[in-house]
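Source file: target-v2.cif. Holds: mmCIF, N, CA and C atoms.
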```cif
data_input
#
loop_
_atom_site.label_atom_id
_atom_site.label_comp_id
_atom_site.auth_asym_id
_atom_site.auth_seq_id
_atom_site.Cartn_x
_atom_site.Cartn_y
_atom_site.Cartn_z
N MET X 705 71.50 -13.42 203.72
CA MET X 705 70.15 -13.00 203.34
C MET X 705 69.10 -13.97 203.83
N SER X 706 69.35 -15.28 203.68
CA SER X 706 68.32 -16.24 204.05
C SER X 706 68.07 -16.26 205.56
N ASN X 707 69.12 -16.16 206.36
CA ASN X 707 68.92 -16.10 207.81
C ASN X 707 68.19 -14.82 208.19
N GLY X 708 68.55 -13.71 207.58
CA GLY X 708 67.88 -12.45 207.83
C GLY X 708 66.41 -12.51 207.45
N LYS X 709 66.12 -13.19 206.34
CA LYS X 709 64.72 -13.33 205.91
C LYS X 709 63.94 -14.15 206.93
N ASP X 710 64.54 -15.23 207.43
CA ASP X 710 63.85 -16.07 208.43
C ASP X 710 63.51 -15.26 209.68
N ILE X 711 64.45 -14.44 210.13
CA ILE X 711 64.21 -13.61 211.32
C ILE X 711 63.14 -12.56 211.00
N TYR X 712 63.24 -11.96 209.82
CA TYR X 712 62.24 -10.97 209.39
C TYR X 712 60.85 -11.59 209.40
N VAL X 713 60.70 -12.76 208.82
CA VAL X 713 59.39 -13.42 208.76
C VAL X 713 58.87 -13.68 210.18
N ALA X 714 59.74 -14.11 211.08
CA ALA X 714 59.33 -14.44 212.44
C ALA X 714 59.03 -13.21 213.30
N LYS X 715 59.78 -12.13 213.12
CA LYS X 715 59.70 -11.00 214.06
C LYS X 715 59.13 -9.72 213.46
N CYS X 716 59.27 -9.52 212.17
CA CYS X 716 58.98 -8.21 211.57
C CYS X 716 57.81 -8.20 210.59
N GLN X 717 57.60 -9.31 209.92
CA GLN X 717 56.66 -9.36 208.81
C GLN X 717 55.23 -9.05 209.22
N ASN X 718 54.80 -9.41 210.43
CA ASN X 718 53.42 -9.15 210.85
C ASN X 718 53.08 -7.67 210.73
N CYS X 719 54.03 -6.80 211.02
CA CYS X 719 53.77 -5.36 210.96
C CYS X 719 54.25 -4.72 209.66
N HIS X 720 55.42 -5.09 209.21
CA HIS X 720 56.01 -4.42 208.05
C HIS X 720 55.63 -5.07 206.73
N GLY X 721 55.00 -6.23 206.78
CA GLY X 721 54.47 -6.86 205.59
C GLY X 721 55.43 -7.77 204.85
N GLU X 722 54.86 -8.69 204.10
CA GLU X 722 55.64 -9.66 203.33
C GLU X 722 56.52 -8.99 202.29
N ALA X 723 56.02 -7.91 201.71
CA ALA X 723 56.77 -7.18 200.69
C ALA X 723 57.29 -5.84 201.22
N GLY X 724 57.36 -5.71 202.54
CA GLY X 724 57.86 -4.48 203.13
C GLY X 724 56.92 -3.29 202.97
N GLU X 725 55.64 -3.58 202.72
CA GLU X 725 54.67 -2.53 202.42
C GLU X 725 54.13 -1.80 203.64
N GLY X 726 54.43 -2.29 204.83
CA GLY X 726 53.94 -1.64 206.05
C GLY X 726 52.52 -2.08 206.39
N LEU X 727 51.97 -1.47 207.43
CA LEU X 727 50.63 -1.84 207.90
C LEU X 727 49.83 -0.56 208.17
N GLY X 728 49.26 -0.02 207.11
CA GLY X 728 48.41 1.16 207.22
C GLY X 728 49.08 2.29 207.99
N GLU X 729 48.38 2.78 209.01
CA GLU X 729 48.88 3.88 209.84
C GLU X 729 49.80 3.38 210.96
N LEU X 730 49.87 2.06 211.16
CA LEU X 730 50.57 1.51 212.31
C LEU X 730 52.06 1.30 212.11
N ALA X 731 52.45 0.70 211.01
CA ALA X 731 53.86 0.37 210.79
C ALA X 731 54.30 0.88 209.43
N PRO X 732 55.43 1.57 209.38
CA PRO X 732 55.88 2.13 208.11
C PRO X 732 56.39 1.06 207.15
N PRO X 733 56.34 1.37 205.86
CA PRO X 733 56.93 0.46 204.89
C PRO X 733 58.45 0.50 204.99
N LEU X 734 59.07 -0.54 204.49
CA LEU X 734 60.53 -0.62 204.46
C LEU X 734 61.06 -0.41 203.05
N THR X 735 60.28 0.30 202.26
CA THR X 735 60.61 0.52 200.85
C THR X 735 61.27 1.87 200.60
N ASP X 736 61.51 2.65 201.64
CA ASP X 736 62.12 3.96 201.49
C ASP X 736 63.63 3.83 201.61
N SER X 737 64.30 3.59 200.49
CA SER X 737 65.75 3.37 200.51
C SER X 737 66.49 4.61 200.99
N THR X 738 65.93 5.79 200.80
CA THR X 738 66.58 7.02 201.27
C THR X 738 66.62 7.03 202.79
N PHE X 739 65.51 6.73 203.44
CA PHE X 739 65.48 6.67 204.90
C PHE X 739 66.47 5.63 205.41
N LEU X 740 66.43 4.44 204.82
CA LEU X 740 67.32 3.36 205.27
C LEU X 740 68.79 3.76 205.10
N LYS X 741 69.11 4.36 203.99
CA LYS X 741 70.50 4.77 203.73
C LYS X 741 70.92 5.88 204.69
N ASN X 742 70.06 6.87 204.90
CA ASN X 742 70.39 7.99 205.78
C ASN X 742 70.43 7.61 207.26
N ASN X 743 69.81 6.50 207.61
CA ASN X 743 69.74 6.08 209.01
C ASN X 743 70.42 4.74 209.25
N LYS X 744 71.35 4.38 208.39
CA LYS X 744 71.98 3.07 208.49
C LYS X 744 72.64 2.84 209.85
N THR X 745 73.20 3.88 210.45
CA THR X 745 73.84 3.70 211.75
C THR X 745 72.82 3.58 212.88
N ARG X 746 71.57 3.97 212.63
CA ARG X 746 70.50 3.86 213.64
C ARG X 746 69.71 2.56 213.52
N LEU X 747 69.77 1.90 212.38
CA LEU X 747 68.91 0.75 212.15
C LEU X 747 69.11 -0.35 213.19
N ALA X 748 70.34 -0.63 213.56
CA ALA X 748 70.59 -1.67 214.55
C ALA X 748 69.90 -1.33 215.86
N CYS X 749 69.99 -0.07 216.27
CA CYS X 749 69.35 0.37 217.51
C CYS X 749 67.84 0.25 217.42
N ILE X 750 67.28 0.62 216.28
CA ILE X 750 65.83 0.53 216.09
C ILE X 750 65.38 -0.93 216.15
N ILE X 751 66.09 -1.81 215.47
CA ILE X 751 65.72 -3.23 215.45
C ILE X 751 65.82 -3.83 216.85
N LYS X 752 66.92 -3.60 217.53
CA LYS X 752 67.17 -4.23 218.83
C LYS X 752 66.35 -3.58 219.96
N ASN X 753 66.25 -2.24 219.95
CA ASN X 753 65.64 -1.53 221.07
C ASN X 753 64.25 -0.98 220.79
N GLY X 754 63.76 -1.16 219.58
CA GLY X 754 62.46 -0.62 219.23
C GLY X 754 62.54 0.87 218.96
N LEU X 755 61.39 1.47 218.78
CA LEU X 755 61.33 2.90 218.47
C LEU X 755 60.09 3.48 219.13
N ASN X 756 60.27 4.57 219.84
CA ASN X 756 59.16 5.21 220.54
C ASN X 756 59.13 6.70 220.23
N GLU X 757 59.27 7.04 218.96
CA GLU X 757 59.22 8.43 218.51
C GLU X 757 58.66 8.44 217.09
N PRO X 758 58.07 9.54 216.68
CA PRO X 758 57.54 9.61 215.31
C PRO X 758 58.65 9.41 214.28
N ILE X 759 58.27 8.81 213.18
CA ILE X 759 59.21 8.55 212.10
C ILE X 759 58.50 8.90 210.78
N THR X 760 59.20 9.53 209.86
CA THR X 760 58.60 9.94 208.58
C THR X 760 59.17 9.08 207.47
N ILE X 761 58.27 8.40 206.77
CA ILE X 761 58.65 7.54 205.65
C ILE X 761 57.78 7.93 204.46
N HIS X 762 58.40 8.18 203.33
CA HIS X 762 57.67 8.59 202.12
C HIS X 762 56.76 9.79 202.41
N GLY X 763 57.22 10.70 203.28
CA GLY X 763 56.45 11.89 203.60
C GLY X 763 55.30 11.70 204.57
N LYS X 764 55.13 10.48 205.08
CA LYS X 764 54.04 10.18 206.00
C LYS X 764 54.62 9.93 207.39
N VAL X 765 53.97 10.50 208.42
CA VAL X 765 54.45 10.35 209.79
C VAL X 765 53.78 9.15 210.44
N TYR X 766 54.61 8.28 211.03
CA TYR X 766 54.14 7.11 211.79
C TYR X 766 54.48 7.35 213.25
N LYS X 767 53.48 7.18 214.12
CA LYS X 767 53.66 7.50 215.54
C LYS X 767 53.58 6.29 216.45
N GLU X 768 53.20 5.14 215.94
CA GLU X 768 53.07 3.96 216.78
C GLU X 768 54.42 3.46 217.26
N LYS X 769 54.46 2.92 218.45
CA LYS X 769 55.69 2.39 219.03
C LYS X 769 56.06 1.06 218.36
N MET X 770 57.33 0.91 218.03
CA MET X 770 57.83 -0.38 217.53
C MET X 770 58.42 -1.14 218.71
N PRO X 771 58.06 -2.42 218.85
CA PRO X 771 58.60 -3.18 219.98
C PRO X 771 60.10 -3.46 219.83
N ALA X 772 60.73 -3.68 220.97
CA ALA X 772 62.16 -4.04 220.99
C ALA X 772 62.30 -5.55 220.81
N PHE X 773 63.46 -5.96 220.34
CA PHE X 773 63.80 -7.37 220.21
C PHE X 773 65.15 -7.61 220.87
N PRO X 774 65.21 -7.45 222.21
CA PRO X 774 66.49 -7.56 222.92
C PRO X 774 67.11 -8.96 222.86
N GLU X 775 66.30 -9.95 222.52
CA GLU X 775 66.81 -11.31 222.43
C GLU X 775 67.68 -11.55 221.19
N LEU X 776 67.65 -10.64 220.24
CA LEU X 776 68.45 -10.82 219.03
C LEU X 776 69.93 -10.53 219.31
N ALA X 777 70.76 -11.47 218.92
CA ALA X 777 72.22 -11.28 219.02
C ALA X 777 72.65 -10.29 217.93
N ASP X 778 73.82 -9.72 218.08
CA ASP X 778 74.34 -8.76 217.09
C ASP X 778 74.33 -9.36 215.69
N ILE X 779 74.70 -10.62 215.57
CA ILE X 779 74.73 -11.27 214.25
C ILE X 779 73.32 -11.36 213.67
N ASP X 780 72.32 -11.60 214.52
CA ASP X 780 70.93 -11.65 214.06
C ASP X 780 70.49 -10.28 213.54
N VAL X 781 70.83 -9.23 214.29
CA VAL X 781 70.48 -7.87 213.88
C VAL X 781 71.15 -7.56 212.53
N ALA X 782 72.41 -7.94 212.39
CA ALA X 782 73.13 -7.71 211.13
C ALA X 782 72.44 -8.43 209.97
N GLN X 783 72.02 -9.66 210.20
CA GLN X 783 71.37 -10.43 209.14
C GLN X 783 70.04 -9.82 208.75
N VAL X 784 69.27 -9.35 209.72
CA VAL X 784 68.00 -8.67 209.41
C VAL X 784 68.28 -7.39 208.63
N MET X 785 69.30 -6.65 209.04
CA MET X 785 69.65 -5.42 208.32
C MET X 785 70.05 -5.71 206.88
N VAL X 786 70.83 -6.75 206.65
CA VAL X 786 71.22 -7.13 205.28
C VAL X 786 69.97 -7.46 204.48
N PHE X 787 69.05 -8.21 205.07
CA PHE X 787 67.83 -8.57 204.36
C PHE X 787 67.00 -7.33 204.01
N ILE X 788 66.75 -6.49 205.01
CA ILE X 788 65.90 -5.30 204.81
C ILE X 788 66.54 -4.33 203.81
N THR X 789 67.83 -4.09 203.95
CA THR X 789 68.46 -3.09 203.09
C THR X 789 68.80 -3.61 201.70
N ASN X 790 68.46 -4.88 201.44
CA ASN X 790 68.68 -5.46 200.11
C ASN X 790 67.42 -6.14 199.57
N SER X 791 66.28 -5.79 200.14
CA SER X 791 64.99 -6.30 199.69
C SER X 791 64.05 -5.12 199.48
N PHE X 792 62.86 -5.39 198.97
CA PHE X 792 61.82 -4.37 198.84
C PHE X 792 62.28 -3.19 197.98
N GLY X 793 63.13 -3.46 197.00
CA GLY X 793 63.64 -2.41 196.12
C GLY X 793 64.90 -1.73 196.62
N ASN X 794 65.41 -2.17 197.76
CA ASN X 794 66.63 -1.60 198.33
C ASN X 794 67.84 -2.42 197.88
N LYS X 795 68.95 -1.75 197.65
CA LYS X 795 70.20 -2.41 197.25
C LYS X 795 71.36 -1.70 197.94
N GLN X 796 71.61 -2.03 199.22
CA GLN X 796 72.59 -1.28 199.98
C GLN X 796 73.78 -2.11 200.47
N GLY X 797 73.87 -3.35 200.05
CA GLY X 797 75.07 -4.12 200.36
C GLY X 797 75.11 -4.79 201.72
N PHE X 798 76.29 -5.27 202.05
CA PHE X 798 76.53 -6.09 203.23
C PHE X 798 76.67 -5.25 204.50
N VAL X 799 76.24 -5.81 205.62
CA VAL X 799 76.43 -5.19 206.93
C VAL X 799 77.13 -6.23 207.81
N HIS X 800 78.32 -5.92 208.29
CA HIS X 800 79.07 -6.85 209.12
C HIS X 800 78.61 -6.75 210.57
N TYR X 801 78.56 -7.88 211.26
CA TYR X 801 78.06 -7.85 212.64
C TYR X 801 78.95 -7.03 213.56
N ASN X 802 80.24 -6.89 213.27
CA ASN X 802 81.10 -6.03 214.09
C ASN X 802 80.66 -4.57 213.99
N GLU X 803 80.22 -4.18 212.79
CA GLU X 803 79.70 -2.84 212.58
C GLU X 803 78.43 -2.63 213.41
N VAL X 804 77.57 -3.65 213.42
CA VAL X 804 76.34 -3.60 214.21
C VAL X 804 76.67 -3.46 215.69
N SER X 805 77.65 -4.21 216.17
CA SER X 805 78.05 -4.12 217.58
C SER X 805 78.47 -2.70 217.94
N LYS X 806 79.21 -2.06 217.05
CA LYS X 806 79.63 -0.67 217.29
C LYS X 806 78.42 0.26 217.33
N HIS X 807 77.51 0.08 216.40
CA HIS X 807 76.32 0.93 216.35
C HIS X 807 75.47 0.73 217.61
N LEU X 808 75.36 -0.50 218.08
CA LEU X 808 74.56 -0.77 219.27
C LEU X 808 75.14 -0.13 220.53
N GLN X 809 76.44 0.05 220.57
CA GLN X 809 77.07 0.70 221.71
C GLN X 809 76.71 2.18 221.77
N ASN X 810 76.29 2.74 220.64
CA ASN X 810 75.98 4.16 220.58
C ASN X 810 74.48 4.47 220.62
N CYS X 811 73.66 3.46 220.94
CA CYS X 811 72.22 3.69 221.01
C CYS X 811 71.88 4.67 222.12
N LYS X 812 70.88 5.48 221.85
CA LYS X 812 70.43 6.47 222.85
C LYS X 812 69.28 5.92 223.65
#
```
Please go through the file and, once you have read it, give me the structure as structure tokens.
Amino acid sequence: MSNGKDIYVAKCQNCHGEAGEGLGELAPPLTDSTFLKNNKTRLACIIKNGLNEPITIHGKVYKEKMPAFPELADIDVAQVMVFITNSFGNKQGFVHYNEVSKHLQNCK
């Protein structure tokens, strides 16, 4: 969790906020545990490769592009996922970096 938080603060917090609240119309909040749970196999791809398609969170559509973070190793992506999916009101458990590696192989 602590390593994931450090990466989140350095790479994600500017847009997604200190409390995962998002940034107005630009960046979605990370407080939608349903979205995170339903897209758990996509999260690694989104974190590592960014996102360039509309996304709906809490019924609101976000269209801004999320930047990629290709410099993050699989273990870094896993740590960020553990932090995000267990913070901001989310409680979704551990994510192993081997699982992240498998998910990253299936990115579109």
Please provide the set of residues having any atom within 5 Å of Gly754 (chain X), restricted to all atoms listed in the file, with same-chain residues fewer than 5 positions apart removed, written as a count of residues only. 5
So which residues touch region 706-718 of chain X within 8 Å, counting all atoms listed in the file, skipping near sequence neighbours fewer than 4 positions away, as a PDB file with N, CA and C atoms, in the coordinates of the input?
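The resulting file, part.pdb, is reproduced below:
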```pdb
ATOM      1  N   GLU X 722      54.860  -8.690 204.100  1.00  0.00           N
ATOM      2  CA  GLU X 722      55.640  -9.660 203.330  1.00  0.00           C
ATOM      3  C   GLU X 722      56.520  -8.990 202.290  1.00  0.00           C
ATOM      4  N   ALA X 723      56.020  -7.910 201.710  1.00  0.00           N
ATOM      5  CA  ALA X 723      56.770  -7.180 200.690  1.00  0.00           C
ATOM      6  C   ALA X 723      57.290  -5.840 201.220  1.00  0.00           C
ATOM      7  N   GLY X 724      57.360  -5.710 202.540  1.00  0.00           N
ATOM      8  CA  GLY X 724      57.860  -4.480 203.130  1.00  0.00           C
ATOM      9  C   GLY X 724      56.920  -3.290 202.970  1.00  0.00           C
ATOM     10  N   GLY X 726      54.430  -2.290 204.830  1.00  0.00           N
ATOM     11  CA  GLY X 726      53.940  -1.640 206.050  1.00  0.00           C
ATOM     12  C   GLY X 726      52.520  -2.080 206.390  1.00  0.00           C
ATOM     13  N   LEU X 727      51.970  -1.470 207.430  1.00  0.00           N
ATOM     14  CA  LEU X 727      50.630  -1.840 207.900  1.00  0.00           C
ATOM     15  C   LEU X 727      49.830  -0.560 208.170  1.00  0.00           C
ATOM     16  N   ASP X 780      72.320 -11.600 214.520  1.00  0.00           N
ATOM     17  CA  ASP X 780      70.930 -11.650 214.060  1.00  0.00           C
ATOM     18  C   ASP X 780      70.490 -10.280 213.540  1.00  0.00           C
ATOM     19  N   VAL X 781      70.830  -9.230 214.290  1.00  0.00           N
ATOM     20  CA  VAL X 781      70.480  -7.870 213.880  1.00  0.00           C
ATOM     21  C   VAL X 781      71.150  -7.560 212.530  1.00  0.00           C
ATOM     22  N   ALA X 782      72.410  -7.940 212.390  1.00  0.00           N
ATOM     23  CA  ALA X 782      73.130  -7.710 211.130  1.00  0.00           C
ATOM     24  C   ALA X 782      72.440  -8.430 209.970  1.00  0.00           C
ATOM     25  N   GLN X 783      72.020  -9.660 210.200  1.00  0.00           N
ATOM     26  CA  GLN X 783      71.370 -10.430 209.140  1.00  0.00           C
ATOM     27  C   GLN X 783      70.040  -9.820 208.750  1.00  0.00           C
ATOM     28  N   VAL X 784      69.270  -9.350 209.720  1.00  0.00           N
ATOM     29  CA  VAL X 784      68.000  -8.670 209.410  1.00  0.00           C
ATOM     30  C   VAL X 784      68.280  -7.390 208.630  1.00  0.00           C
ATOM     31  N   MET X 785      69.300  -6.650 209.040  1.00  0.00           N
ATOM     32  CA  MET X 785      69.650  -5.420 208.320  1.00  0.00           C
ATOM     33  C   MET X 785      70.050  -5.710 206.880  1.00  0.00           C
ATOM     34  N   VAL X 786      70.830  -6.750 206.650  1.00  0.00           N
ATOM     35  CA  VAL X 786      71.220  -7.130 205.280  1.00  0.00           C
ATOM     36  C   VAL X 786      69.970  -7.460 204.480  1.00  0.00           C
ATOM     37  N   PHE X 787      69.050  -8.210 205.070  1.00  0.00           N
ATOM     38  CA  PHE X 787      67.830  -8.570 204.360  1.00  0.00           C
ATOM     39  C   PHE X 787      67.000  -7.330 204.010  1.00  0.00           C
ATOM     40  N   ILE X 788      66.750  -6.490 205.010  1.00  0.00           N
ATOM     41  CA  ILE X 788      65.900  -5.300 204.810  1.00  0.00           C
ATOM     42  C   ILE X 788      66.540  -4.330 203.810  1.00  0.00           C
TER      43      ILE X 788
END
```
Leaving out Asn810 (chain X) and any residue of its chain fewer than 2 positions from it, which residues lie within 9 Å of it when counting only C-alpha atoms, given as a ChimeraX atom specification? /X:746,749,806-808,812
Taking the backbone alone, and naming residues the way the document does, which bits of region 749-780 of chain X are alpha helix (DSSP H) by DSSP, as a list in words? Cys749, Ile750, Ile751, Lys752, Asn753, Asp778, Ile779 and Asp780 of chain X
Selection: 9 Å around region 760-768 of chain X, only C-alpha atoms, excl. self and same-chain fewer than 3 positions, as a list in words: Glu729, Leu730, Ala731, Pro732, Pro733, Leu734, Thr735, Asp736, Phe739, Leu755, Asn756 and Glu757 of chain X
List every residue of chain X that DSSP, applied to the backbone of this structure, assigns to strand (DSSP E), and report them as a list in words. Ile759, Thr760, Ile761, Lys764, Val765 and Tyr766 of chain X
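One finds atom C of Asn743 (chain X) at 14.3 Å from atom N of Asn794 (chain X).
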Separating atom N of Asn742 (chain X) from atom N of Gln796 (chain X), to the nearest tenth of an Å, is a gap of 10.7 Å
For Asp778 (chain X), which of X:Asn802, X:Met705, X:Thr738, X:Glu725 is the closest residue, counting only C-alpha atoms? X:Asn802
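Atom to atom, atom N of Thr745 (chain X) and atom N of Gly728 (chain X) stand 24.5 Å apart.
Minimum atom-to-atom distance to Lys741 (chain X), evaluated using only C-alpha atoms, belongs to X:Gly797 out of X:Pro774, X:Pro758, X:Gly797, X:Gly721.
The shortest atom-to-atom distance to Lys752 (chain X), with only N, CA and C atoms taken into account, belongs to X:Leu776 out of X:Cys719, X:Val799, X:Leu740, X:Leu776.
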